[in-house]
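Novice: Mind having a look at this structure? Questions to follow.
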Amino acid sequence: MDKLKEYRYLILIIFAIFAILMAGALFSPSFTEQKTYLELFMLMGSLLFIFSVLVVVVILGFSSFALYMTFFIAAVIAMYGIEGALLVIGLTYVTWGFVFAIELLLVDQNVESATEWFQKRYTFTSFKREYYAFYPMMLILHLLIEILPSLMHRESISRFSPQQVFEKMRELLK
């Protein structure tokens, strides 16, 4: 129960948002306003679901998430077909790819919590598979958080070598 204590305000805010949207839907004078509030209610529920899936992915790691993803994809295929499943797979790739890439860039900057994150979740073999799978995401993220801001603020660009990070992780995980 103590673990939830720090999240009680977040949970309270989420319930308050849902309550306000539902009250707006119930007490709106016209059908179009009710419809708008209900659409917002459904949108908020969707965003909450996506956020919770992201949290599950980050906490469990990708390998533990694979079984959950299998059942989830089966349900999506049953409801929305192959297009829905491809969309979910694509969004999962992007989401986990960015998480993996952020942690890897933090390892490159010698952040201790990032190295611990990899040590808890990966062997070198599993890291190597995900490294190659998410290599494009790592380069995109480096472009977005290092190169573009450096160009906009006319600062020097920090050097990034994926091969050096790979070798660093080889030493860390063996």
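Chain lettering (A, B, ...) mirrors the order of the structure tokens, residue numbering begins at 1 for each chain separately, and ligand numbering begins at 1 in order of display.
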Quick one: residues within 12 Å of A:Leu105, only C-alpha atoms, excluding same-chain residues fewer than 6 positions away - as an mmCIF file with N, CA and C atoms, in the first residue's frame?
Specialist:
data_model
loop_
_atom_site.group_PDB
_atom_site.id
_atom_site.type_symbol
_atom_site.label_atom_id
_atom_site.label_comp_id
_atom_site.auth_asym_id
_atom_site.auth_seq_id
_atom_site.Cartn_x
_atom_site.Cartn_y
_atom_site.Cartn_z
ATOM 1 N N GLY A 97 11.254 1.018 -28.918
ATOM 2 C CA GLY A 97 12.485 1.479 -29.545
ATOM 3 C C GLY A 97 12.983 2.771 -28.933
ATOM 4 N N PHE A 98 12.060 3.695 -28.672
ATOM 5 C CA PHE A 98 12.470 4.944 -28.034
ATOM 6 C C PHE A 98 12.919 4.722 -26.595
ATOM 7 N N VAL A 99 12.255 3.850 -25.867
ATOM 8 C CA VAL A 99 12.679 3.549 -24.489
ATOM 9 C C VAL A 99 14.083 2.949 -24.507
ATOM 10 N N VAL A 111 25.334 7.410 -17.292
ATOM 11 C CA VAL A 111 24.317 7.527 -16.253
ATOM 12 C C VAL A 111 24.183 6.173 -15.571
ATOM 13 N N GLU A 112 24.377 6.149 -14.259
ATOM 14 C CA GLU A 112 24.407 4.902 -13.497
ATOM 15 C C GLU A 112 23.075 4.152 -13.532
ATOM 16 N N SER A 113 21.964 4.861 -13.443
ATOM 17 C CA SER A 113 20.661 4.194 -13.443
ATOM 18 C C SER A 113 20.391 3.479 -14.771
ATOM 19 N N ALA A 114 20.902 4.002 -15.856
ATOM 20 C CA ALA A 114 20.722 3.349 -17.158
ATOM 21 C C ALA A 114 21.538 2.061 -17.235
ATOM 22 N N THR A 115 22.748 2.077 -16.713
ATOM 23 C CA THR A 115 23.534 0.841 -16.720
ATOM 24 C C THR A 115 22.891 -0.213 -15.837
ATOM 25 N N PHE A 118 19.948 -1.836 -17.738
ATOM 26 C CA PHE A 118 20.366 -2.870 -18.680
ATOM 27 C C PHE A 118 20.848 -4.125 -17.966
ATOM 28 N N TYR A 131 19.509 -4.397 -29.886
ATOM 29 C CA TYR A 131 20.365 -3.337 -30.414
ATOM 30 C C TYR A 131 20.210 -3.240 -31.932
ATOM 31 N N TYR A 135 18.207 -0.222 -33.873
ATOM 32 C CA TYR A 135 19.275 0.662 -34.348
ATOM 33 C C TYR A 135 18.729 1.913 -35.038
ATOM 34 N N MET A 137 15.929 3.439 -34.475
ATOM 35 C CA MET A 137 15.329 4.301 -33.448
ATOM 36 C C MET A 137 16.406 5.051 -32.672
ATOM 37 N N MET A 138 17.531 4.385 -32.450
ATOM 38 C CA MET A 138 18.626 5.026 -31.737
ATOM 39 C C MET A 138 19.172 6.206 -32.545
ATOM 40 N N LEU A 139 19.312 6.027 -33.834
ATOM 41 C CA LEU A 139 19.807 7.116 -34.675
ATOM 42 C C LEU A 139 18.799 8.257 -34.776
ATOM 43 N N ILE A 140 17.526 7.919 -34.890
ATOM 44 C CA ILE A 140 16.471 8.948 -34.934
ATOM 45 C C ILE A 140 16.447 9.748 -33.640
ATOM 46 N N LEU A 141 16.532 9.047 -32.514
ATOM 47 C CA LEU A 141 16.511 9.735 -31.222
ATOM 48 C C LEU A 141 17.736 10.621 -31.049
ATOM 49 N N HIS A 142 18.888 10.140 -31.480
ATOM 50 C CA HIS A 142 20.096 10.972 -31.404
ATOM 51 C C HIS A 142 19.922 12.237 -32.249
ATOM 52 N N LEU A 143 19.329 12.073 -33.416
ATOM 53 C CA LEU A 143 19.054 13.230 -34.269
ATOM 54 C C LEU A 143 18.115 14.211 -33.566
ATOM 55 N N ILE A 145 17.292 14.547 -30.216
ATOM 56 C CA ILE A 145 17.629 15.176 -28.936
ATOM 57 C C ILE A 145 19.052 15.721 -28.857
ATOM 58 N N GLU A 146 19.870 15.425 -29.848
ATOM 59 C CA GLU A 146 21.237 15.942 -29.822
ATOM 60 C C GLU A 146 21.528 16.877 -30.996
ATOM 61 N N SER A 158 27.438 16.872 -29.695
ATOM 62 C CA SER A 158 28.139 15.826 -28.958
ATOM 63 C C SER A 158 28.366 14.623 -29.867
ATOM 64 N N ARG A 159 29.516 14.030 -29.718
ATOM 65 C CA ARG A 159 29.887 12.897 -30.559
ATOM 66 C C ARG A 159 29.154 11.658 -30.081
ATOM 67 N N PHE A 160 28.644 10.888 -31.030
ATOM 68 C CA PHE A 160 27.931 9.655 -30.711
ATOM 69 C C PHE A 160 28.397 8.565 -31.657
ATOM 70 N N SER A 161 28.862 7.469 -31.078
ATOM 71 C CA SER A 161 29.323 6.338 -31.880
ATOM 72 C C SER A 161 28.576 5.087 -31.425
ATOM 73 N N PRO A 162 27.648 4.597 -32.244
ATOM 74 C CA PRO A 162 26.923 3.383 -31.865
ATOM 75 C C PRO A 162 27.857 2.201 -31.609
ATOM 76 N N GLN A 164 30.895 2.285 -30.324
ATOM 77 C CA GLN A 164 31.495 2.433 -28.993
ATOM 78 C C GLN A 164 30.498 2.070 -27.899
ATOM 79 N N VAL A 165 29.235 2.447 -28.088
ATOM 80 C CA VAL A 165 28.207 2.091 -27.118
ATOM 81 C C VAL A 165 28.026 0.578 -27.084
ATOM 82 N N PHE A 166 28.068 -0.045 -28.259
ATOM 83 C CA PHE A 166 27.941 -1.501 -28.341
ATOM 84 C C PHE A 166 29.081 -2.179 -27.583
ATOM 85 N N LYS A 168 30.889 -0.878 -25.184
ATOM 86 C CA LYS A 168 30.707 -0.569 -23.769
ATOM 87 C C LYS A 168 29.690 -1.530 -23.144
ATOM 88 N N MET A 169 28.607 -1.806 -23.876
ATOM 89 C CA MET A 169 27.589 -2.726 -23.367
ATOM 90 C C MET A 169 28.119 -4.159 -23.356
#
Novice: Can you work out which one of A:Leu172, A:Gln163, A:Ser30, A:Glu103 has the shortest atom-to-atom distance to A:Tyr132, counting only C-alpha atoms?
Specialist: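 Answer, going by the shortest atom-to-atom distance: A:Gln163.
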Novice: For A:Lys35, please output as JSON, numbers by chain all residues within 12 Å (counting only C-alpha atoms; exclusion window: fewer than 4 positions along the same chain).
Specialist: {"A": [21, 22, 24, 25, 26, 27, 28, 29, 30, 31, 39, 40, 41, 42]}
Novice: Taking only C-alpha atoms into account, name the residue in A:Met69, A:Ile14, A:Leu173, A:Leu151 that is nearest to A:Ile89.
Specialist: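 Distance minimum relative to A:Ile89 lands on A:Met69.
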Novice: So how many Å separate atom CA of A:Arg154 and atom CA of A:Asp108, to one decimal?
Specialist: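 These atoms are spaced 22.3 Å apart.
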Novice: Which residues are near A:Lys174? Cut-off 12 Å, only C-alpha atoms, ignore same chain within fewer than 6 positions. Put them as a list in words.
Specialist: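 Neighbouring residues, sequence-local ones excluded: Phe118, Gln119, Tyr122, Thr123, Phe124, Thr125, Ser126, Phe127, Lys128, Glu167 and Lys168 of chain A.
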Novice: Take the residues just selected and output them with N, CA, C and O atoms as a compact mmCIF listing (two decimals), in the first residue's frame.
Specialist:
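The resulting again_26.txt:
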# COMPACT_ATOMS: atom_id res chain seq x y z
N PHE A 118 19.95 -1.84 -17.74
CA PHE A 118 20.37 -2.87 -18.68
C PHE A 118 20.85 -4.12 -17.97
O PHE A 118 20.56 -5.24 -18.40
N GLN A 119 21.57 -3.97 -16.87
CA GLN A 119 22.07 -5.13 -16.14
C GLN A 119 20.94 -5.98 -15.56
O GLN A 119 21.06 -7.20 -15.50
N TYR A 122 18.92 -7.52 -19.20
CA TYR A 122 19.52 -8.07 -20.40
C TYR A 122 20.72 -8.94 -20.12
O TYR A 122 21.49 -8.69 -19.20
N THR A 123 20.88 -9.94 -20.99
CA THR A 123 22.16 -10.61 -21.17
C THR A 123 22.75 -9.97 -22.43
O THR A 123 22.05 -9.24 -23.14
N PHE A 124 24.00 -10.26 -22.73
CA PHE A 124 24.57 -9.62 -23.90
C PHE A 124 23.88 -10.09 -25.18
O PHE A 124 23.66 -9.32 -26.10
N THR A 125 23.49 -11.36 -25.22
CA THR A 125 22.81 -11.90 -26.41
C THR A 125 21.47 -11.21 -26.64
O THR A 125 21.16 -10.81 -27.77
N SER A 126 20.67 -11.05 -25.57
CA SER A 126 19.37 -10.39 -25.75
C SER A 126 19.55 -8.90 -26.07
O SER A 126 18.80 -8.34 -26.87
N PHE A 127 20.57 -8.28 -25.47
CA PHE A 127 20.85 -6.89 -25.79
C PHE A 127 21.23 -6.74 -27.26
O PHE A 127 20.76 -5.83 -27.94
N LYS A 128 22.05 -7.65 -27.75
CA LYS A 128 22.52 -7.58 -29.13
C LYS A 128 21.36 -7.67 -30.12
O LYS A 128 21.30 -6.91 -31.09
N GLU A 167 30.30 -1.70 -27.78
CA GLU A 167 31.45 -2.29 -27.08
C GLU A 167 31.36 -2.04 -25.57
O GLU A 167 31.72 -2.91 -24.77
N LYS A 168 30.89 -0.88 -25.18
CA LYS A 168 30.71 -0.57 -23.77
C LYS A 168 29.69 -1.53 -23.14
O LYS A 168 29.88 -2.02 -22.03
Novice: Can you list every residue in chain A that DSSP puts in alpha helix (DSSP H), as a PyMOL selection string?
Specialist: chain A and resi 2-5+8-27+31-60+62-108+112-121+124-133+135-142+148-153+162-173
